[in-house]
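As structure tokens, the structure follows; a few thoughts come after it.
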4 protein chains.
Amino acid sequence: MTDTAEFPRDSEHPAGWLSPAELAQARGRLPILYVDAVPVRVDDSGDVVAVALLLRVNAEGIMSRALVSGRVMYHERVRDALVRHVEKDLGPMALPQIPASPQPFTVAEYFPTPGITSYHDARQHAVALAYVVPVAGDCRPQQDALDLAWLTPEEACADDVQLEMHGGQGVLLRQAMAHVGRLP
Amino acid sequence: MTDTAEFPRDSEHPAGWLSPAELAQARGRLPILYVDAVPVRVDDSGDVVAVALLLRVNAEGIMSRALVSGRVMYHERVRDALVRHVEKDLGPMALPQIPASPQPFTVAEYFPTPGITSYHDARQHAVALAYVVPVAGDCRPQQDALDLAWLTPEEACADDVQLEMHGGQGVLLRQAMAHVGRLP
Amino acid sequence: MTDTAEFPRDSEHPAGWLSPAELAQARGRLPILYVDAVPVRVDDSGDVVAVALLLRVNAEGIMSRALVSGRVMYHERVRDALVRHVEKDLGPMALPQIPASPQPFTVAEYFPTPGITSYHDARQHAVALAYVVPVAGDCRPQQDALDLAWLTPEEACADDVQLEMHGGQGVLLRQAMAHVGRLP
Amino acid sequence: MTDTAEFPRDSEHPAGWLSPAELAQARGRLPILYVDAVPVRVDDSGDVVAVALLLRVNAEGIMSRALVSGRVMYHERVRDALVRHVEKDLGPMALPQIPASPQPFTVAEYFPTPGITSYHDARQHAVALAYVVPVAGDCRPQQDALDLAWLTPEEACADDVQLEMHGGQGVLLRQAMAHVGRLP
């Protein structure tokens, strides 16, 4: 999950949304709804030719690769949360093609306790609706991301890249490639 | 959504779960994660032959028909929430066949404001992962339900039954029938 | 299913494809693989705002509305068949966004005997993989189609339009709307 | 794909089905519709705990592991073909729970030319609708299979087992595990 990406937004939250303190409390009491997006380039027949991964450095200076991920806000539609998080991470010119159907390709359940599912988030119990999102426009790393790398499905599923993904996002990426018929 | 079904359970909640007051507060601040289940009987080739609807009377004495629905608790897997709510509403002998895949057939977004989606819940912003769940065992109405009726897909989609379903559950039922190839 | 749409192409078929006589024979002996596409316009968040229906007149002079539909050829990928049939029916500037995943929203089984499934095709046993396909470009009726109409999901599911669709395509259209969360 | 499994049946085919010679001809001219099934054991909450693989020896004496797979016959529903092939390969007491929805988790396109997709079948262009099928009963290898092995998802996805699967069925098995949330 994206650790830092929401903070610049939290000061802007409208009435009715949670303050950081309230959110911290809720995170220990309720499953928190997320969307996870696997940004891809597709060719004219819809075949996935590349996957975008964000390169981040955390507070300890450790590099990691990440998918687009973020919380669904109160009174926000899932499809609007997808647009917001893709633009937050890939920039306002990314031109995401949000799926017409709300049916996700999987549901990733991030537990604070490791080992219950393939996914883990020490901060919270997050449940993410996961979508493959083709992006047609110009993508640039935003905010806390150092870089944005386009990898082939084969490269994205290779061991070296998988080792740089955390909390089960490497598994989720391979599930996405399985879904689009590009699992190596 | 099921209005009353969770209350008998809330006194039993383990440490870390929300008290009713805290839940009430969270409901105005965060999307709350639900599971919706459409309980069905299937024949030997998996074809849906009947749908179970619960008959309830609310505090105002108005009758309504409802699907199985309920909240996902903190640190509870979606598939365990499905088992719990099916058994809560259909009894401990229902023998639900929980889907092997976490991919729901749709995601139903119940907004407190009517008209944003097909679903509405005046109490909260609830996001429900919706599954068709075949039940093989003996089903009996529990707790607050007056009755449990088995209808054919055609009967369940008919206008008179649809009018007795609230908050968009009639639409959700028809989406389920569309998904299993039994939309009249 | 599209009755006439393949004929102009059959003279161009490469070695290994069936002659019309061979195809006629195979149609009585094997299930024939089809793709059905529901062409839609979506807004920036992927929500379906309109559906395209083709207006055709058959040999008896009867008007009907139809989805994009056609056979998958020998040695042709499903996604290439989708591109080919969308461009055949909507024109070369339609700019279809073929889904990244080969998972169809349903499988429509057209039997020569009515009543076995919701779909019927007197000529053959056809099994169609059905997809919702957003089109971003300029669409124009081609060949045998008189017109191409853009309808809202509500209009497309209304009784008068449903009555003009044949062989179960009206049901398939409503299944598509259920899948994208736009079933009225 | 299953090489030999259909032959004992072909002598029983009713009028209208293809003779072996006609089938051989059609295989070079048309995509042939198949179903692929991944037989699994699930626990009470639907979680996959084991996968069944068939052990076969081909005419050259080479051992291989295979999924349940077979052709959809003329005038046969996909769900009936699933029942028939599961019972053909796992025996009449397998008690398969055929999915209520016809939506497959993927479509596997086996081309006679290797490299176009992840799947390959030298004999034909076969397009398989792929389903995960829980089996609740007693399973025994039938006909041409030497053995039936139950493996954990981790074992089934391990390199040594994957190497014993041919034509892309190893990829398909891992896609199935991705779909049910059990990809290692």
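Convention: chains lettered A, B, ... in structure tokens order; per-chain residue numbering from 1; ligands numbered from 1 as shown.
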At most 7 Å is the cut-off: for each residue in chain D with any atom that close to an atom of chain B, write down the nearest atom pair and the distance in Å rounded to one decimal, counting only C-alpha atoms, chain first then increasing number, as JSON lines.
{"residue": "D:Ser45", "atom": "CA", "partner": "B:Ile98", "partner_atom": "CA", "distance": 5.7}
{"residue": "D:Gly46", "atom": "CA", "partner": "B:Ile98", "partner_atom": "CA", "distance": 4.7}
{"residue": "D:Asp47", "atom": "CA", "partner": "B:Ala100", "partner_atom": "CA", "distance": 5.6}
{"residue": "D:Val48", "atom": "CA", "partner": "B:Ala100", "partner_atom": "CA", "distance": 6.3}
{"residue": "D:Arg79", "atom": "CA", "partner": "B:Ser45", "partner_atom": "CA", "distance": 5.7}
{"residue": "D:Asp80", "atom": "CA", "partner": "B:Ser45", "partner_atom": "CA", "distance": 6.0}
{"residue": "D:Val83", "atom": "CA", "partner": "B:Ser45", "partner_atom": "CA", "distance": 6.4}
{"residue": "D:Gln97", "atom": "CA", "partner": "B:Gly46", "partner_atom": "CA", "distance": 6.6}
{"residue": "D:Ile98", "atom": "CA", "partner": "B:Gly46", "partner_atom": "CA", "distance": 4.6}
{"residue": "D:Pro99", "atom": "CA", "partner": "B:Gly46", "partner_atom": "CA", "distance": 5.5}
{"residue": "D:Ala100", "atom": "CA", "partner": "B:Gly46", "partner_atom": "CA", "distance": 4.8}
{"residue": "D:Ser101", "atom": "CA", "partner": "B:Val180", "partner_atom": "CA", "distance": 4.0}
{"residue": "D:Pro102", "atom": "CA", "partner": "B:Val180", "partner_atom": "CA", "distance": 6.4}
{"residue": "D:His179", "atom": "CA", "partner": "B:Ser101", "partner_atom": "CA", "distance": 5.9}
{"residue": "D:Val180", "atom": "CA", "partner": "B:Ser101", "partner_atom": "CA", "distance": 4.0}
{"residue": "D:Gly181", "atom": "CA", "partner": "B:Ser101", "partner_atom": "CA", "distance": 6.7}
(request) Going by DSSP on the backbone, which bits of chain C are strand (DSSP E or B)? Write them as a VMD selection string, please. (result) chain C and resid 32 to 42 48 to 57 63 to 66 68 to 71 96 106 to 111 119 to 120 126 to 135 145 to 151 165
Taking C-alpha atoms for each residue, export the selection above as a CSV table (one decimal), in the first residue's frame.
chain,number,residue,atom,x,y,z
C,32,ILE,CA,-19.2,-22.3,-33.9
C,33,LEU,CA,-17.2,-19.7,-31.9
C,34,TYR,CA,-18.4,-16.1,-32.0
C,35,VAL,CA,-17.6,-12.8,-30.3
C,36,ASP,CA,-20.4,-10.5,-29.3
C,37,ALA,CA,-19.5,-6.9,-28.6
C,38,VAL,CA,-21.7,-4.2,-26.9
C,39,PRO,CA,-20.2,-0.9,-28.1
C,40,VAL,CA,-20.5,1.9,-25.6
C,41,ARG,CA,-19.5,5.4,-24.9
C,42,VAL,CA,-18.0,6.0,-21.5
C,48,VAL,CA,-21.3,4.0,-19.6
C,49,VAL,CA,-23.3,6.9,-20.9
C,50,ALA,CA,-24.5,5.4,-24.2
C,51,VAL,CA,-24.9,2.1,-26.1
C,52,ALA,CA,-24.7,1.7,-29.9
C,53,LEU,CA,-27.2,-0.4,-31.7
C,54,LEU,CA,-27.2,-1.2,-35.4
C,55,LEU,CA,-30.4,-1.0,-37.3
C,56,ARG,CA,-30.8,-3.6,-40.0
C,57,VAL,CA,-33.5,-4.9,-42.4
C,63,MET,CA,-36.4,-4.1,-39.1
C,64,SER,CA,-34.2,-5.2,-36.2
C,65,ARG,CA,-31.6,-3.8,-33.8
C,66,ALA,CA,-28.4,-5.7,-33.3
C,68,VAL,CA,-21.8,-6.2,-33.1
C,69,SER,CA,-21.3,-9.9,-33.6
C,70,GLY,CA,-19.3,-12.3,-35.7
C,71,ARG,CA,-17.3,-15.4,-36.1
C,96,PRO,CA,-12.4,0.4,-30.0
C,106,THR,CA,-20.7,-13.8,-20.1
C,107,VAL,CA,-20.8,-16.6,-22.6
C,108,ALA,CA,-24.0,-16.5,-24.8
C,109,GLU,CA,-24.9,-20.0,-26.1
C,110,TYR,CA,-27.2,-19.6,-29.2
C,111,PHE,CA,-28.9,-23.0,-29.8
C,119,TYR,CA,-30.3,-17.2,-27.0
C,120,HIS,CA,-31.4,-18.7,-30.3
C,126,ALA,CA,-23.0,-20.6,-31.8
C,127,VAL,CA,-21.1,-19.9,-28.6
C,128,ALA,CA,-20.3,-16.2,-28.2
C,129,LEU,CA,-17.8,-14.7,-25.9
C,130,ALA,CA,-19.4,-11.4,-24.9
C,131,TYR,CA,-17.5,-8.1,-24.2
C,132,VAL,CA,-18.4,-4.5,-23.5
C,133,VAL,CA,-16.2,-2.5,-25.8
C,134,PRO,CA,-15.8,1.3,-25.3
C,135,VAL,CA,-15.4,3.1,-28.6
C,145,ALA,CA,-26.7,-1.6,-41.6
C,146,LEU,CA,-29.2,1.2,-42.2
C,147,ASP,CA,-28.3,3.2,-39.2
C,148,LEU,CA,-26.4,3.3,-36.0
C,149,ALA,CA,-28.2,4.7,-32.9
C,150,TRP,CA,-26.8,5.8,-29.6
C,151,LEU,CA,-29.1,5.1,-26.8
C,165,MET,CA,-33.7,-7.2,-30.8
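CA of His75 in chain A lies 17.0 Å from CA of Leu30 in chain A.
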(message) Taking the DSSP secondary structure from the backbone, can you list the residues of chain C that are helix (DSSP H, G or I), as a ChimeraX atom specification?
(response) /C:7-10,20-27,78-90,153-157,159-163,169-179
(message) From the options C:Ala122, C:Leu163, C:Met93, C:Val171, which residue's atoms come nearest to Ala136 in chain C, counting only C-alpha atoms?
(response) C:Met93
(message) Would you compute the distance between CA of Gly168 in chain A and CA of Pro104 in chain D? Give it in Å to one decimal.
(response)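 Going from CA of Gly168 in chain A over to CA of Pro104 in chain D, I get 25.2 Å.
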(request) Find the residues around range 85-91 of chain D up to 6 Å (only C-alpha atoms counted), leave out those fewer than 6 positions away in its own chain, and share them as number ranges by chain. (result) D: 139-142
Let me see the file: selected residues, N, CA and C atoms, as a compact mmCIF listing (two decimals), in the first residue's frame.
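Saved as result-v2.txt:
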# COMPACT_ATOMS: atom_id res chain seq x y z
N CYS D 139 -12.79 -39.06 -6.10
CA CYS D 139 -12.22 -38.92 -7.45
C CYS D 139 -11.23 -40.04 -7.74
N ARG D 140 -11.37 -40.67 -8.88
CA ARG D 140 -10.44 -41.73 -9.28
C ARG D 140 -10.06 -41.54 -10.73
N PRO D 141 -8.80 -41.83 -11.06
CA PRO D 141 -8.38 -41.69 -12.46
C PRO D 141 -9.14 -42.66 -13.34
N GLN D 142 -9.49 -42.22 -14.53
CA GLN D 142 -10.29 -43.03 -15.45
C GLN D 142 -9.49 -43.29 -16.71
